[in-house]
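The structure file coords_18.cif is reproduced below (mmCIF, C-alpha atoms).
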```
data_query
loop_
_atom_site.label_atom_id
_atom_site.label_comp_id
_atom_site.auth_asym_id
_atom_site.auth_seq_id
_atom_site.Cartn_x
_atom_site.Cartn_y
_atom_site.Cartn_z
CA MET S 1 -8.84 15.06 -15.28
CA LEU S 2 -7.19 14.98 -11.85
CA GLU S 3 -4.05 13.45 -13.37
CA ALA S 4 -4.01 16.12 -16.09
CA GLN S 5 -4.35 18.93 -13.56
CA ILE S 6 -1.46 17.52 -11.51
CA ALA S 7 0.68 17.09 -14.63
CA LEU S 8 -0.01 20.70 -15.63
CA ALA S 9 0.80 21.97 -12.15
CA ARG S 10 4.11 20.09 -12.14
CA ARG S 11 5.03 22.22 -15.15
CA ALA S 12 4.02 25.43 -13.33
CA ILE S 13 1.02 25.76 -15.65
CA SER S 14 -1.61 26.16 -12.97
CA PRO S 15 -5.18 24.96 -13.49
CA GLY S 16 -6.20 26.90 -10.38
CA SER S 17 -7.09 24.96 -7.25
CA ILE S 18 -6.85 21.28 -8.21
CA ASP S 19 -10.32 19.74 -8.03
CA GLY S 20 -10.55 17.05 -10.72
CA ALA S 21 -13.02 19.07 -12.79
CA LEU S 22 -12.74 20.74 -16.22
CA GLY S 23 -13.44 24.35 -15.30
CA SER S 24 -12.46 27.56 -17.09
CA GLN S 25 -9.03 27.83 -15.44
CA THR S 26 -8.20 24.22 -16.30
CA ARG S 27 -9.28 24.83 -19.91
CA GLU S 28 -7.00 27.86 -20.05
CA ALA S 29 -4.10 25.84 -18.61
CA ILE S 30 -4.69 23.05 -21.13
CA SER S 31 -4.72 25.61 -23.96
CA VAL S 32 -1.39 27.05 -22.77
CA PHE S 33 0.10 23.57 -22.56
CA GLN S 34 -1.20 22.69 -26.06
CA GLU S 35 0.42 25.83 -27.44
CA THR S 36 3.79 25.01 -25.84
CA GLU S 37 3.60 21.48 -27.29
CA ASP S 38 2.52 22.60 -30.79
CA LEU S 39 -0.81 20.80 -30.41
CA PRO S 40 -4.15 22.11 -31.70
CA VAL S 41 -5.29 24.65 -29.12
CA THR S 42 -8.75 23.52 -28.04
CA GLY S 43 -8.73 23.68 -24.23
CA ASP S 44 -10.09 20.13 -24.25
CA LEU S 45 -8.35 17.05 -22.87
CA ASP S 46 -8.26 15.29 -26.23
CA ASP S 47 -6.31 12.09 -26.86
CA ALA S 48 -3.10 13.79 -28.04
CA THR S 49 -3.08 16.16 -25.05
CA ARG S 50 -3.98 13.37 -22.64
CA ALA S 51 -1.07 11.27 -23.88
CA LYS S 52 1.40 14.07 -23.12
CA LEU S 53 -0.11 14.68 -19.66
CA THR S 54 -0.03 11.04 -18.52
CA LEU S 55 2.28 10.62 -15.55
CA ASP S 56 4.59 7.74 -14.72
CA ALA S 57 4.84 8.65 -11.03
CA PRO S 58 1.85 8.28 -8.65
CA ILE S 59 -0.55 11.21 -8.71
CA LEU S 60 -1.22 10.99 -4.95
CA MET S 61 1.14 10.92 -1.99
CA PRO S 62 0.76 10.22 1.73
CA TYR S 63 0.86 13.20 4.05
CA PRO S 64 1.39 12.49 7.76
CA VAL S 65 -0.27 15.04 10.03
CA SER S 66 2.44 16.45 12.31
CA THR S 67 2.40 17.97 15.77
CA ASN S 68 3.83 21.15 14.24
CA ASP S 69 0.85 21.30 11.88
CA LEU S 70 -1.67 21.02 14.68
CA ASP S 71 0.19 23.42 16.98
CA SER S 72 0.31 26.09 14.26
CA LEU S 73 -3.47 26.25 13.80
CA GLN S 74 -5.45 29.08 15.36
CA PRO S 75 -8.90 30.63 14.89
CA LEU S 76 -9.07 33.68 12.65
CA GLY S 77 -10.47 36.83 14.21
CA THR S 78 -13.72 38.08 12.74
CA THR S 79 -12.82 41.79 12.98
CA TRP S 80 -9.86 43.84 11.78
CA LEU S 81 -8.96 44.70 15.37
CA ALA S 82 -9.02 41.04 16.45
CA LYS S 83 -6.83 40.04 13.51
CA SER S 84 -4.31 42.77 14.38
CA GLN S 85 -3.99 41.32 17.88
CA GLN S 86 -3.19 37.74 16.77
CA SER S 87 0.31 36.26 16.88
CA ALA S 88 -0.11 35.11 13.27
CA LEU S 89 -2.85 34.89 10.66
CA ALA S 90 -2.47 31.13 10.41
CA TYR S 91 -4.57 28.32 9.02
CA GLU S 92 -7.63 27.55 11.10
CA THR S 93 -7.83 23.85 10.22
CA GLU S 94 -5.62 21.02 9.03
CA LEU S 95 -7.88 20.73 5.99
CA GLU S 96 -6.99 24.29 4.93
CA LEU S 97 -3.30 23.62 5.54
CA VAL S 98 -3.01 20.44 3.48
CA ALA S 99 -5.24 21.81 0.72
CA GLU S 100 -2.88 24.76 0.21
CA ARG S 101 0.24 22.60 0.44
CA SER S 102 -1.11 20.42 -2.35
CA HIS S 103 -2.52 23.31 -4.47
CA SER S 104 -5.96 21.76 -4.03
CA SER S 105 -9.51 22.62 -3.14
CA PRO S 106 -10.57 21.51 0.36
CA THR S 107 -13.48 19.66 -1.24
CA LEU S 108 -11.09 17.46 -3.23
CA ILE S 109 -9.01 16.71 -0.12
CA GLU S 110 -12.17 15.61 1.69
CA LYS S 111 -13.11 13.34 -1.22
CA LEU S 112 -9.64 11.76 -1.20
CA ASN S 113 -9.94 11.07 2.54
CA PRO S 114 -13.55 9.94 3.04
CA ASN S 115 -12.93 8.22 6.38
CA VAL S 116 -11.09 11.07 8.08
CA ASP S 117 -12.79 12.89 10.97
CA TRP S 118 -11.50 16.42 10.37
CA SER S 119 -12.85 17.65 13.70
CA SER S 120 -10.56 15.36 15.75
CA LEU S 121 -7.35 14.80 13.81
CA SER S 122 -4.32 13.54 15.69
CA ALA S 123 -0.63 13.68 14.86
CA GLY S 124 0.41 10.68 12.79
CA THR S 125 -2.81 10.47 10.80
CA ILE S 126 -1.94 9.68 7.18
CA LEU S 127 -3.79 11.69 4.56
CA GLN S 128 -3.81 11.25 0.78
CA ILE S 129 -3.11 14.43 -1.18
CA PRO S 130 -2.17 15.30 -4.79
CA ALA S 131 1.58 14.95 -5.37
CA VAL S 132 2.29 18.45 -6.66
CA ASN S 133 5.56 20.34 -6.67
CA TYR S 134 6.48 23.15 -9.01
CA PRO S 135 9.83 22.70 -10.79
CA ASP S 136 12.78 24.23 -8.96
CA PRO S 137 13.49 27.53 -10.73
CA ASP S 138 17.00 27.53 -12.19
CA SER S 139 16.97 31.20 -13.17
CA LYS S 140 15.15 34.46 -12.64
CA ALA S 141 12.39 35.53 -15.01
CA ALA S 142 13.11 38.23 -17.59
CA PHE S 143 9.61 39.73 -17.48
CA VAL S 144 6.00 39.11 -16.49
CA VAL S 145 2.84 39.71 -18.53
CA ILE S 146 -0.56 40.12 -16.86
CA HIS S 147 -3.62 39.60 -19.09
CA LEU S 148 -6.56 41.55 -17.66
CA SER S 149 -9.37 40.22 -19.85
CA ASP S 150 -8.46 36.56 -19.33
CA ARG S 151 -7.25 37.03 -15.74
CA TYR S 152 -3.93 35.26 -15.80
CA LEU S 153 -0.27 36.04 -15.25
CA GLU S 154 2.71 34.57 -17.11
CA ALA S 155 6.47 34.82 -16.59
CA PHE S 156 9.07 34.34 -19.33
CA ASP S 157 12.83 33.83 -19.41
CA ASP S 158 15.26 35.92 -21.46
CA GLN S 159 14.62 33.66 -24.48
CA THR S 160 10.86 34.31 -24.13
CA ASN S 161 10.24 30.71 -23.01
CA LEU S 162 7.23 30.35 -20.74
CA MET S 163 8.27 29.78 -17.11
CA LEU S 164 4.84 29.80 -15.47
CA HIS S 165 1.16 30.45 -16.06
CA PHE S 166 -1.02 31.36 -13.05
CA PRO S 167 -4.64 32.54 -12.72
CA CYS S 168 -4.94 35.93 -11.02
CA SER S 169 -7.59 38.35 -9.83
CA ILE S 170 -7.73 41.94 -11.06
CA ALA S 171 -9.32 45.19 -9.87
CA LYS S 172 -13.09 45.39 -9.73
CA LYS S 173 -13.11 48.97 -11.05
CA VAL S 174 -11.83 49.45 -14.60
CA GLU S 175 -10.15 52.74 -13.68
CA LYS S 176 -8.00 50.86 -11.14
CA ARG S 177 -6.58 48.46 -13.74
CA PRO S 178 -3.23 49.90 -14.81
CA VAL S 179 -2.35 49.14 -18.45
CA GLY S 180 1.24 49.44 -19.63
CA GLU S 181 4.68 48.68 -18.22
CA LEU S 182 5.26 48.59 -14.47
CA HIS S 183 8.31 47.43 -12.53
CA VAL S 184 8.89 45.41 -9.37
CA VAL S 185 10.21 47.64 -6.57
CA VAL S 186 10.19 45.27 -3.58
CA VAL S 187 9.82 41.55 -2.84
CA ILE S 188 8.75 40.54 0.67
CA GLN S 189 8.20 37.01 1.96
CA ASN S 190 5.62 36.56 4.75
CA PRO S 191 4.66 40.25 4.89
CA ASN S 192 2.59 41.96 7.50
CA TYR S 193 -0.27 44.14 6.25
CA THR S 194 -1.24 47.71 7.08
CA VAL S 195 -4.98 48.28 7.12
CA ASP S 196 -5.69 51.92 6.29
CA PRO S 197 -9.26 53.12 6.99
CA GLU S 198 -8.98 55.52 4.04
CA LEU S 199 -8.69 52.55 1.66
CA PHE S 200 -11.68 50.72 3.18
CA PRO S 201 -14.49 53.30 3.31
CA GLU S 202 -17.00 50.44 3.25
CA SER S 203 -15.78 49.18 6.66
CA ASP S 204 -17.77 50.75 9.50
CA GLU S 205 -15.37 49.16 11.98
CA LEU S 206 -12.28 50.81 10.48
CA GLN S 207 -14.04 54.16 10.18
CA LYS S 208 -14.84 54.03 13.91
CA ILE S 209 -11.27 53.00 14.81
CA GLY S 210 -9.94 55.89 12.75
CA HIS S 211 -6.30 54.83 12.52
CA LYS S 212 -4.16 52.24 10.74
CA LEU S 213 -3.80 48.69 12.05
CA ILE S 214 -0.89 46.32 11.45
CA LEU S 215 -1.89 42.72 10.73
CA PRO S 216 0.70 39.98 11.39
CA PRO S 217 2.07 37.66 8.68
CA GLY S 218 0.54 34.33 7.77
CA PRO S 219 -1.33 32.56 4.98
CA LYS S 220 -4.62 34.18 6.04
CA ASN S 221 -3.09 37.67 5.81
CA PRO S 222 -4.92 39.81 3.19
CA VAL S 223 -1.82 39.67 0.94
CA GLY S 224 -1.00 36.06 1.74
CA VAL S 225 2.55 34.77 2.02
CA ALA S 226 4.31 37.05 -0.49
CA TRP S 227 4.15 40.68 -1.64
CA MET S 228 5.80 41.93 -4.83
CA GLY S 229 5.27 45.68 -4.86
CA LEU S 230 5.11 47.59 -8.16
CA ASP S 231 6.11 51.14 -9.04
CA LYS S 232 2.51 52.32 -9.04
CA PRO S 233 1.78 53.25 -5.41
CA GLY S 234 -0.45 50.74 -3.66
CA TYR S 235 -0.18 48.11 -6.41
CA GLY S 236 1.48 44.73 -6.26
CA MET S 237 1.31 41.03 -7.03
CA HIS S 238 0.53 39.00 -3.92
CA GLY S 239 -1.06 35.97 -2.32
CA THR S 240 -4.53 35.66 -0.83
CA PRO S 241 -6.28 33.85 2.02
CA ASN S 242 -8.97 32.63 -0.41
CA ALA S 243 -7.30 30.60 -3.15
CA GLN S 244 -10.59 29.30 -4.56
CA GLN S 245 -11.66 32.85 -5.41
CA VAL S 246 -8.58 33.73 -7.48
CA GLY S 247 -9.60 34.77 -10.98
CA ARG S 248 -13.26 34.56 -10.02
CA THR S 249 -13.68 37.59 -7.74
CA GLU S 250 -12.11 41.02 -7.98
CA SER S 251 -9.70 43.03 -5.85
CA HIS S 252 -9.33 46.66 -4.79
CA GLY S 253 -6.61 47.02 -7.44
CA CYS S 254 -3.79 44.55 -6.91
CA PHE S 255 -3.08 41.30 -8.73
CA ARG S 256 -4.01 38.41 -6.44
CA LEU S 257 -2.64 34.89 -6.75
CA ALA S 258 -3.08 31.68 -4.80
CA ASN S 259 -0.53 31.60 -1.98
CA TRP S 260 1.41 28.76 -3.57
CA ASP S 261 1.64 30.70 -6.83
CA ALA S 262 2.65 33.96 -5.13
CA GLU S 263 5.38 32.19 -3.18
CA TYR S 264 6.77 30.58 -6.35
CA LEU S 265 6.58 33.81 -8.35
CA SER S 266 8.45 35.64 -5.58
CA GLN S 267 11.42 33.30 -6.12
CA ILE S 268 11.93 34.32 -9.74
CA VAL S 269 11.12 38.04 -9.82
CA TRP S 270 13.66 40.77 -9.05
CA VAL S 271 13.67 44.44 -8.21
CA GLY S 272 13.48 46.39 -11.46
CA MET S 273 11.90 43.54 -13.43
CA PRO S 274 9.32 44.75 -15.99
CA VAL S 275 5.68 43.74 -15.59
CA GLU S 276 3.57 44.39 -18.67
CA VAL S 277 -0.16 44.74 -18.04
CA VAL S 278 -2.28 44.19 -21.18
CA GLU S 279 -6.00 44.21 -21.85
#
```
Just give me the structure of the file as structure tokens.
Amino acid sequence: MLEAQIALARRAISPGSIDGALGSQTREAISVFQETEDLPVTGDLDDATRAKLTLDAPILMPYPVSTNDLDSLQPLGTTWLAKSQQSALAYETELELVAERSHSSPTLIEKLNPNVDWSSLSAGTILQIPAVNYPDPDSKAAFVVIHLSDRYLEAFDDQTNLMLHFPCSIAKKVEKRPVGELHVVVVIQNPNYTVDPELFPESDELQKIGHKLILPPGPKNPVGVAWMGLDKPGYGMHGTPNAQQVGRTESHGCFRLANWDAEYLSQIVWVGMPVEVVE
């Protein structure tokens, strides 16, 4: 199952955070792959599907912990005000960092490195991680389709060939789920984030502060490492500091992706590109 998840991810058909288990997002990814290969669509890793997802190259790769990695880590503030005062909203631990770089769950990374003491890592330590890289995009997408009921996002080229399939989170409230055609109006890498008390009435802290705060960029920023704003005010496709919750929890209204998926999507979208939101 781990090999199949890695093989799917290398095709930009994401099974969610790679964990070696057959969960709902992996089943959806397998179904998409089966459809593209004209196989019976079952969502199961049957023999015919398994044969097409067997890899010749190793599924794991060594990852040397670097000084730059360790120097970039910093604790994450526990309040909005503390976060706004940080130099960056960076990873807190090396485990978080390598998990995101390999599209994986931290639990899987720990299982792959059973003898590593994560509390006292030093530069030069060699870790084993899934060998995952999305294919280099050779063109921009023609359009994106977001499926609300199944909680996934897909991009297509101008011949309607599938370019990617990613799980995504949608708005918790039905009335905040826009259905119909939207358009990309801005693409920002490593965005900062404006926290507006009016949008977070549930936050006693923000209500007491009474004014907007600017949070610095970083992977733990509320919109992650990429923001693709849409022509409905306040809506966009973006990353998230909690990749394991994508497609499983709900947002205030935007379409949340794992950071690695948001970063990849941001490379192939363009200002004016249509985004069709369907039930």
Separation of CA of Ala12 in chain S from CA of Gln189 in chain S, in Å and rounded to one decimal: 19.6 Å
Chain and number of each residue from the PyMOL selection byres ((chain S and resi 235-248) around 9), as JSON, numbers by chain: {"S": [16, 17, 25, 100, 103, 104, 105, 150, 151, 152, 167, 168, 169, 170, 184, 218, 219, 220, 221, 222, 223, 224, 225, 226, 227, 228, 229, 230, 231, 232, 233, 234, 249, 250, 253, 254, 255, 256, 257, 258, 259, 260, 261, 262, 263, 266]}
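Among the candidate residues S:Val32, S:Leu8, S:Val98, S:Leu70, the one lying nearest to Lys52 in chain S is S:Leu8, with distances computed using all atoms listed in the file.
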Take the PyMOL selection byres ((chain S and resi 271) around 7), apply it to the structure above, and return the hits as a PDB file with C-alpha atoms, in the coordinates of the input.
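Output file result33.pdb follows:
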```pdb
ATOM      1  CA  VAL S 184       8.890  45.410  -9.370  1.00  0.00           C
ATOM      2  CA  VAL S 185      10.210  47.640  -6.570  1.00  0.00           C
ATOM      3  CA  VAL S 186      10.190  45.270  -3.580  1.00  0.00           C
ATOM      4  CA  TRP S 270      13.660  40.770  -9.050  1.00  0.00           C
ATOM      5  CA  GLY S 272      13.480  46.390 -11.460  1.00  0.00           C
ATOM      6  CA  MET S 273      11.900  43.540 -13.430  1.00  0.00           C
TER       7      MET S 273
END
```
Atom pair CA of Glu205 in chain S / CA of Asn190 in chain S: separation (Å):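 That distance, rounded to one decimal, is 25.5 Å.
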Pick out the residues sitting within 12 Å of Gln85 in chain S, and hand them over as a PDB file with C-alpha atoms, in the frame of the given file; count all atoms listed in the file, and ignore anything fewer than 5 positions along from it in its own chain.
```pdb
ATOM      1  CA  LEU S  76      -9.070  33.680  12.650  1.00  0.00           C
ATOM      2  CA  GLY S  77     -10.470  36.830  14.210  1.00  0.00           C
ATOM      3  CA  THR S  78     -13.720  38.080  12.740  1.00  0.00           C
ATOM      4  CA  THR S  79     -12.820  41.790  12.980  1.00  0.00           C
ATOM      5  CA  TRP S  80      -9.860  43.840  11.780  1.00  0.00           C
ATOM      6  CA  LEU S 213      -3.800  48.690  12.050  1.00  0.00           C
ATOM      7  CA  ILE S 214      -0.890  46.320  11.450  1.00  0.00           C
ATOM      8  CA  LEU S 215      -1.890  42.720  10.730  1.00  0.00           C
ATOM      9  CA  PRO S 216       0.700  39.980  11.390  1.00  0.00           C
ATOM     10  CA  PRO S 217       2.070  37.660   8.680  1.00  0.00           C
TER      11      PRO S 217
END
```
Straight-line distance linking CA of Arg10 in chain S with CA of Glu276 in chain S, stated in Å to one decimal: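 Separating CA of Arg10 in chain S from CA of Glu276 in chain S is a distance of 25.2 Å.
Nearest to Ala48 in chain S of all the residues S:Val144, S:Ile30, S:Leu60, S:Ile109 is S:Ile30, based on all atoms listed in the file.
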Output of the PyMOL selection byres ((chain S and resi 129) around 10), listed as a ChimeraX atom specification: /S:59-63,98-99,101-104,108-110,112-113,126-128,130-132
Residues within 10 Å of Asp157 in chain S, only C-alpha atoms, excluding chain neighbours under 3 positions, as an MDAnalysis selection string: chainID S and resid 139:144 160:164 268
Range 106-125 of chain S, all listed atoms, 8 Å padding on each side: what axis-aligned box centre and edge lengths in Å to one decimal come out, as JSON?
```
{"center_x": -6.6, "center_y": 14.9, "center_z": 6.3, "size_x": 30.0, "size_y": 29.3, "size_z": 35.0}
```
Nearest candidate to Val278 in chain S (options S:Ala171, S:Val179, S:Ala155, S:Val65; using only C-alpha atoms): S:Val179
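Residues in contact with Leu73 in chain S at 10 Å, where all atoms listed in the file are counted and same-chain residues fewer than 3 positions away are skipped, are listed as S:Asn68, S:Asp69, S:Leu70, S:Leu76, S:Ala88, S:Leu89, S:Ala90, S:Tyr91, S:Glu92, S:Thr93, S:Glu94, S:Glu96, S:Leu97.
The shortest atom-to-atom distance to Leu2 in chain S, with all atoms listed in the file taken into account, belongs to S:Pro58 out of S:Pro58, S:Pro135, S:Pro40, S:Pro274.
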Residue among S:Asp196, S:Asp117, S:Asp204, S:Glu279 lying closest to Gly180 in chain S, counting all atoms listed in the file: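 Smallest separation from Gly180 in chain S among the options: S:Glu279.
For the choices S:Leu121, S:Ile146, S:Ala4, S:Leu53, the atom-to-atom distance to Asp19 in chain S is smallest for S:Ala4 when using all atoms listed in the file.
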